[in-house]
Amino acid sequence: MKGIILYQSKYGSTRRYAEWLSEETGFDRLETKKARIEDVKRYDPIILGGGIYASGIAGLSFLKKHGDRLSGKKIIVFCVGASPYEENAFKQIVDHNMKGALAGIPCFYCRGGWDMDGMSIVDRNLCKLLRNVVAKKDPAEYEIWEKALMAAGDEKCDWTDKAYLEPILAAIG
């Protein structure tokens, strides 16, 4: 059988990682919004990638909805965020998202990008509001994501790197 990479990307970084994984593995790739379980269940392994938004992993709902129909398949998840990798922060994301039937599924982190100009008006305004709240704190007490938020500012940043694929490729076997 051949694997598939499902992904949900709002601003392009997750799509880029899905494309790179597809190039490395020869696996098909498909946006989760277009995925049909009847088609996906024919693949093994199944890799799902999604951006992190408000502590949730985009696209994970596909696995939650169809997990029972994918039993026995090798499933791997990767998530993409703007913050640098930090073990405790990543553990919180995993604990928040990978519970119940998803517990035990390998999950990996890839760093994405930041582009205020490319964001929707809602996301841009939320980021500005969040930045205003964070700015009131002592910078010495910032969490890793707060440091990243404040450092990125309005600059366009791209931290995507194929090196983040190495543990995912190793997990595929």
# chains A, B, ... in the order shown; residues from 1 in each chain; ligands from 1
>>> residues_around(residues="A:Asp154", least_positions_apart="3", cutoff="8 Å", atoms="only C-alpha atoms", output="number ranges by chain")
A: 115-117
>>> residues_around(residues="A:Gly3", least_positions_apart="5", cutoff="6 Å", atoms="only C-alpha atoms", output="CSV table (one decimal) with N, CA and C atoms, in the first residue's frame")
chain,number,residue,atom,x,y,z
A,27,PHE,N,4.4,9.8,-1.4
A,27,PHE,CA,3.0,9.7,-1.0
A,27,PHE,C,2.1,10.7,-1.6
A,43,TYR,N,-5.2,4.0,2.2
A,43,TYR,CA,-3.8,4.3,2.4
A,43,TYR,C,-3.2,3.8,3.7
A,44,ASP,N,-1.9,3.6,3.7
A,44,ASP,CA,-1.2,3.2,4.9
A,44,ASP,C,0.3,3.4,4.6
A,45,PRO,N,0.9,4.3,5.4
A,45,PRO,CA,0.5,5.1,6.5
A,45,PRO,C,-0.3,6.3,6.1
A,46,ILE,N,-1.0,6.9,7.1
A,46,ILE,CA,-1.7,8.2,7.0
A,46,ILE,C,-1.0,9.2,7.8
>>> closest_residue(among="A:Ala82, A:Ile4, A:Val133, A:Ile93", to="A:Leu149", atoms="only C-alpha atoms")
A:Ala82
>>> select_by_dssp(residues="stretch 35-101 of chain A", states="strand (DSSP E or B)", output="VMD selection string")
chain A and resid 46 to 53 56 to 57 75 to 81
>>> residues_around(residues="A:Trp145", least_positions_apart="2", cutoff="10 Å", atoms="only C-alpha atoms", output="short mmCIF file (atom, residue, chain, number, x, y, z; two decimals) with C-alpha atoms, in the first residue's frame")
data_model
loop_
_atom_site.label_atom_id
_atom_site.label_comp_id
_atom_site.auth_asym_id
_atom_site.auth_seq_id
_atom_site.Cartn_x
_atom_site.Cartn_y
_atom_site.Cartn_z
CA GLY A 81 3.29 26.81 14.57
CA ALA A 82 5.05 30.16 14.51
CA SER A 83 6.84 29.72 17.83
CA PRO A 84 10.23 28.08 18.21
CA TYR A 85 10.06 24.53 19.52
CA GLU A 86 9.84 24.38 23.29
CA ALA A 89 4.72 24.12 25.20
CA TYR A 142 7.32 35.98 28.56
CA GLU A 143 6.52 32.42 27.55
CA LYS A 147 8.61 36.08 22.84
CA ALA A 148 8.01 34.90 19.28
CA LEU A 149 4.87 37.03 18.94
CA MET A 150 6.62 40.15 20.12
CA ALA A 151 9.81 39.50 18.11
#
>>> residues_around(residues="A:Glu19", least_positions_apart="2", cutoff="12 Å", atoms="only C-alpha atoms", output="count of residues only")
25
>>> closest_residue(among="A:Lys2, A:His96, A:Lys137, A:Lys33", to="A:Ala54", atoms="only C-alpha atoms")
A:His96
>>> select_by_dssp(residues="chain A", states="helix (DSSP H, G or I)", output="ChimeraX atom specification")
/A:13-25,32-34,37-40,60-70,87-97,100-102,116-118,121-135,139-141,144-152,162-172
>>> write_last_selection(atoms="C-alpha atoms", output="PDB file, in the first residue's frame")
ATOM      1  CA  SER A  13       3.481  26.607   5.920  1.00  0.00           C
ATOM      2  CA  THR A  14       1.674  23.319   6.546  1.00  0.00           C
ATOM      3  CA  ARG A  15       1.067  22.941   2.806  1.00  0.00           C
ATOM      4  CA  ARG A  16       4.805  23.456   2.224  1.00  0.00           C
ATOM      5  CA  TYR A  17       5.670  20.693   4.722  1.00  0.00           C
ATOM      6  CA  ALA A  18       3.072  18.406   3.104  1.00  0.00           C
ATOM      7  CA  GLU A  19       4.635  19.075  -0.318  1.00  0.00           C
ATOM      8  CA  TRP A  20       8.131  18.364   1.014  1.00  0.00           C
ATOM      9  CA  LEU A  21       6.943  15.144   2.669  1.00  0.00           C
ATOM     10  CA  SER A  22       5.256  14.087  -0.550  1.00  0.00           C
ATOM     11  CA  GLU A  23       8.492  14.711  -2.476  1.00  0.00           C
ATOM     12  CA  GLU A  24      10.513  12.705   0.062  1.00  0.00           C
ATOM     13  CA  THR A  25       8.117   9.765   0.306  1.00  0.00           C
ATOM     14  CA  THR A  32      -8.358  17.377   4.707  1.00  0.00           C
ATOM     15  CA  LYS A  33     -11.347  19.438   3.534  1.00  0.00           C
ATOM     16  CA  LYS A  34     -11.337  17.439   0.280  1.00  0.00           C
ATOM     17  CA  ILE A  37     -12.823   8.490   4.327  1.00  0.00           C
ATOM     18  CA  GLU A  38     -13.639   5.924   1.636  1.00  0.00           C
ATOM     19  CA  ASP A  39     -10.527   7.035  -0.247  1.00  0.00           C
ATOM     20  CA  VAL A  40      -8.246   7.694   2.734  1.00  0.00           C
ATOM     21  CA  LEU A  60      -7.405  16.832  13.473  1.00  0.00           C
ATOM     22  CA  SER A  61     -11.194  16.636  13.410  1.00  0.00           C
ATOM     23  CA  PHE A  62     -10.850  14.279  10.417  1.00  0.00           C
ATOM     24  CA  LEU A  63      -9.057  11.713  12.602  1.00  0.00           C
ATOM     25  CA  LYS A  64     -11.475  12.252  15.484  1.00  0.00           C
ATOM     26  CA  LYS A  65     -14.444  11.678  13.200  1.00  0.00           C
ATOM     27  CA  HIS A  66     -13.057   8.701  11.291  1.00  0.00           C
ATOM     28  CA  GLY A  67     -10.537   7.142  13.674  1.00  0.00           C
ATOM     29  CA  ASP A  68     -12.589   3.973  14.134  1.00  0.00           C
ATOM     30  CA  ARG A  69     -12.502   3.375  10.372  1.00  0.00           C
ATOM     31  CA  LEU A  70      -8.711   3.758  10.343  1.00  0.00           C
ATOM     32  CA  GLU A  87       9.302  20.984  24.916  1.00  0.00           C
ATOM     33  CA  ASN A  88       6.792  22.017  27.596  1.00  0.00           C
ATOM     34  CA  ALA A  89       4.721  24.122  25.202  1.00  0.00           C
ATOM     35  CA  PHE A  90       4.651  21.265  22.671  1.00  0.00           C
ATOM     36  CA  LYS A  91       3.666  18.792  25.404  1.00  0.00           C
ATOM     37  CA  GLN A  92       0.715  21.046  26.267  1.00  0.00           C
ATOM     38  CA  ILE A  93      -0.387  21.071  22.612  1.00  0.00           C
ATOM     39  CA  VAL A  94      -0.116  17.279  22.438  1.00  0.00           C
ATOM     40  CA  ASP A  95      -1.945  16.780  25.746  1.00  0.00           C
ATOM     41  CA  HIS A  96      -4.705  19.154  24.639  1.00  0.00           C
ATOM     42  CA  ASN A  97      -5.204  17.567  21.203  1.00  0.00           C
ATOM     43  CA  GLY A 100      -8.965   9.728  23.837  1.00  0.00           C
ATOM     44  CA  ALA A 101      -8.741   7.650  20.657  1.00  0.00           C
ATOM     45  CA  LEU A 102      -5.846   9.859  19.461  1.00  0.00           C
ATOM     46  CA  MET A 116       0.618  39.866   9.334  1.00  0.00           C
ATOM     47  CA  ASP A 117      -0.155  41.278   5.871  1.00  0.00           C
ATOM     48  CA  GLY A 118      -1.232  37.849   4.642  1.00  0.00           C
ATOM     49  CA  ILE A 121      -8.540  40.746   9.094  1.00  0.00           C
ATOM     50  CA  VAL A 122      -9.892  38.733  12.039  1.00  0.00           C
ATOM     51  CA  ASP A 123      -6.577  36.949  12.666  1.00  0.00           C
ATOM     52  CA  ARG A 124      -4.601  40.159  12.224  1.00  0.00           C
ATOM     53  CA  ASN A 125      -6.789  41.981  14.755  1.00  0.00           C
ATOM     54  CA  LEU A 126      -6.622  39.091  17.230  1.00  0.00           C
ATOM     55  CA  CYS A 127      -2.826  39.094  16.981  1.00  0.00           C
ATOM     56  CA  LYS A 128      -2.685  42.841  17.531  1.00  0.00           C
ATOM     57  CA  LEU A 129      -4.943  42.567  20.582  1.00  0.00           C
ATOM     58  CA  LEU A 130      -2.882  39.694  21.940  1.00  0.00           C
ATOM     59  CA  ARG A 131       0.326  41.650  21.345  1.00  0.00           C
ATOM     60  CA  ASN A 132      -1.127  44.585  23.318  1.00  0.00           C
ATOM     61  CA  VAL A 133      -1.909  42.281  26.249  1.00  0.00           C
ATOM     62  CA  VAL A 134       1.535  40.652  26.155  1.00  0.00           C
ATOM     63  CA  ALA A 135       3.264  44.052  25.915  1.00  0.00           C
ATOM     64  CA  PRO A 139       9.546  40.653  28.966  1.00  0.00           C
ATOM     65  CA  ALA A 140      11.605  38.543  31.373  1.00  0.00           C
ATOM     66  CA  GLU A 141       8.408  36.592  32.155  1.00  0.00           C
ATOM     67  CA  ILE A 144       8.230  31.169  24.385  1.00  0.00           C
ATOM     68  CA  TRP A 145       5.219  31.925  22.170  1.00  0.00           C
ATOM     69  CA  GLU A 146       4.950  35.414  23.644  1.00  0.00           C
ATOM     70  CA  LYS A 147       8.613  36.085  22.845  1.00  0.00           C
ATOM     71  CA  ALA A 148       8.014  34.901  19.277  1.00  0.00           C
ATOM     72  CA  LEU A 149       4.866  37.029  18.940  1.00  0.00           C
ATOM     73  CA  MET A 150       6.622  40.153  20.122  1.00  0.00           C
ATOM     74  CA  ALA A 151       9.809  39.501  18.112  1.00  0.00           C
ATOM     75  CA  ALA A 152       7.973  38.876  14.827  1.00  0.00           C
ATOM     76  CA  LYS A 162      13.156  20.544   5.783  1.00  0.00           C
ATOM     77  CA  ALA A 163      15.135  19.470   8.857  1.00  0.00           C
ATOM     78  CA  TYR A 164      11.822  19.332  10.766  1.00  0.00           C
ATOM     79  CA  LEU A 165      10.834  16.411   8.510  1.00  0.00           C
ATOM     80  CA  GLU A 166      13.611  14.118   9.750  1.00  0.00           C
ATOM     81  CA  PRO A 167      11.768  12.711  12.814  1.00  0.00           C
ATOM     82  CA  ILE A 168       8.580  12.340  10.773  1.00  0.00           C
ATOM     83  CA  LEU A 169      10.416  10.401   8.066  1.00  0.00           C
ATOM     84  CA  ALA A 170      12.042   8.230  10.740  1.00  0.00           C
ATOM     85  CA  ALA A 171       8.602   7.480  12.236  1.00  0.00           C
ATOM     86  CA  ILE A 172       7.282   6.411   8.836  1.00  0.00           C
TER      87      ILE A 172
END
>>> atom_distance(atom1="atom CA of A:Lys99", atom2="atom CA of A:Lys41")
21.3 Å
>>> residues_around(residues="A:Ile105", least_positions_apart="6", cutoff="8 Å", atoms="only C-alpha atoms", output="list in words")
Ile75, Ile76, Val77 and Met98 of chain A
>>> atom_distance(atom1="atom CA of A:Glu155", atom2="atom CA of A:Cys107")
29.0 Å
>>> atom_distance(atom1="atom CA of A:Tyr53", atom2="atom CA of A:Gly173")
29.1 Å
>>> residues_around(residues="A:Gly50", least_positions_apart="3", cutoff="6 Å", atoms="only C-alpha atoms", output="PyMOL selection string")
chain A and resi 7-8+57-59+79
>>> decode(residues="stretch 127-148 of chain A", atoms="N, CA and C atoms", output="short mmCIF file (atom, residue, chain, number, x, y, z; two decimals), in the first residue's frame")
data_model
loop_
_atom_site.label_atom_id
_atom_site.label_comp_id
_atom_site.auth_asym_id
_atom_site.auth_seq_id
_atom_site.Cartn_x
_atom_site.Cartn_y
_atom_site.Cartn_z
N CYS A 127 -4.26 39.04 16.67
CA CYS A 127 -2.83 39.09 16.98
C CYS A 127 -2.43 40.45 17.56
N LYS A 128 -2.99 41.50 17.01
CA LYS A 128 -2.68 42.84 17.53
C LYS A 128 -3.19 43.00 18.96
N LEU A 129 -4.41 42.51 19.22
CA LEU A 129 -4.94 42.57 20.58
C LEU A 129 -4.09 41.75 21.54
N LEU A 130 -3.71 40.56 21.10
CA LEU A 130 -2.88 39.69 21.94
C LEU A 130 -1.53 40.35 22.20
N ARG A 131 -0.96 40.96 21.18
CA ARG A 131 0.33 41.65 21.35
C ARG A 131 0.21 42.79 22.37
N ASN A 132 -0.91 43.51 22.34
CA ASN A 132 -1.13 44.59 23.32
C ASN A 132 -1.19 44.04 24.75
N VAL A 133 -1.83 42.90 24.92
CA VAL A 133 -1.91 42.28 26.25
C VAL A 133 -0.52 41.83 26.70
N VAL A 134 0.20 41.16 25.82
CA VAL A 134 1.53 40.65 26.16
C VAL A 134 2.49 41.80 26.46
N ALA A 135 2.36 42.91 25.74
CA ALA A 135 3.26 44.05 25.92
C ALA A 135 3.20 44.63 27.33
N LYS A 136 2.12 44.38 28.04
CA LYS A 136 1.97 44.87 29.41
C LYS A 136 2.73 44.03 30.42
N LYS A 137 3.20 42.87 30.00
CA LYS A 137 3.94 41.97 30.89
C LYS A 137 5.43 42.34 30.90
N ASP A 138 6.11 41.86 31.90
CA ASP A 138 7.56 42.00 31.98
C ASP A 138 8.16 41.04 30.95
N PRO A 139 8.96 41.54 29.99
CA PRO A 139 9.55 40.65 28.97
C PRO A 139 10.34 39.49 29.56
N ALA A 140 10.86 39.64 30.74
CA ALA A 140 11.61 38.54 31.37
C ALA A 140 10.68 37.37 31.74
N GLU A 141 9.38 37.63 31.79
CA GLU A 141 8.41 36.59 32.16
C GLU A 141 7.63 36.05 30.96
N TYR A 142 8.00 36.47 29.76
CA TYR A 142 7.32 35.98 28.56
C TYR A 142 7.50 34.48 28.41
N GLU A 143 6.41 33.82 27.97
CA GLU A 143 6.52 32.42 27.55
C GLU A 143 7.11 32.42 26.14
N ILE A 144 7.55 31.26 25.68
CA ILE A 144 8.23 31.17 24.38
C ILE A 144 7.38 31.73 23.25
N TRP A 145 6.09 31.43 23.25
CA TRP A 145 5.22 31.92 22.17
C TRP A 145 5.04 33.44 22.27
N GLU A 146 5.07 33.97 23.48
CA GLU A 146 4.95 35.41 23.64
C GLU A 146 6.20 36.12 23.13
N LYS A 147 7.37 35.53 23.38
CA LYS A 147 8.61 36.08 22.84
C LYS A 147 8.56 36.11 21.32
N ALA A 148 8.10 35.00 20.74
CA ALA A 148 8.01 34.90 19.28
C ALA A 148 7.02 35.92 18.72
#
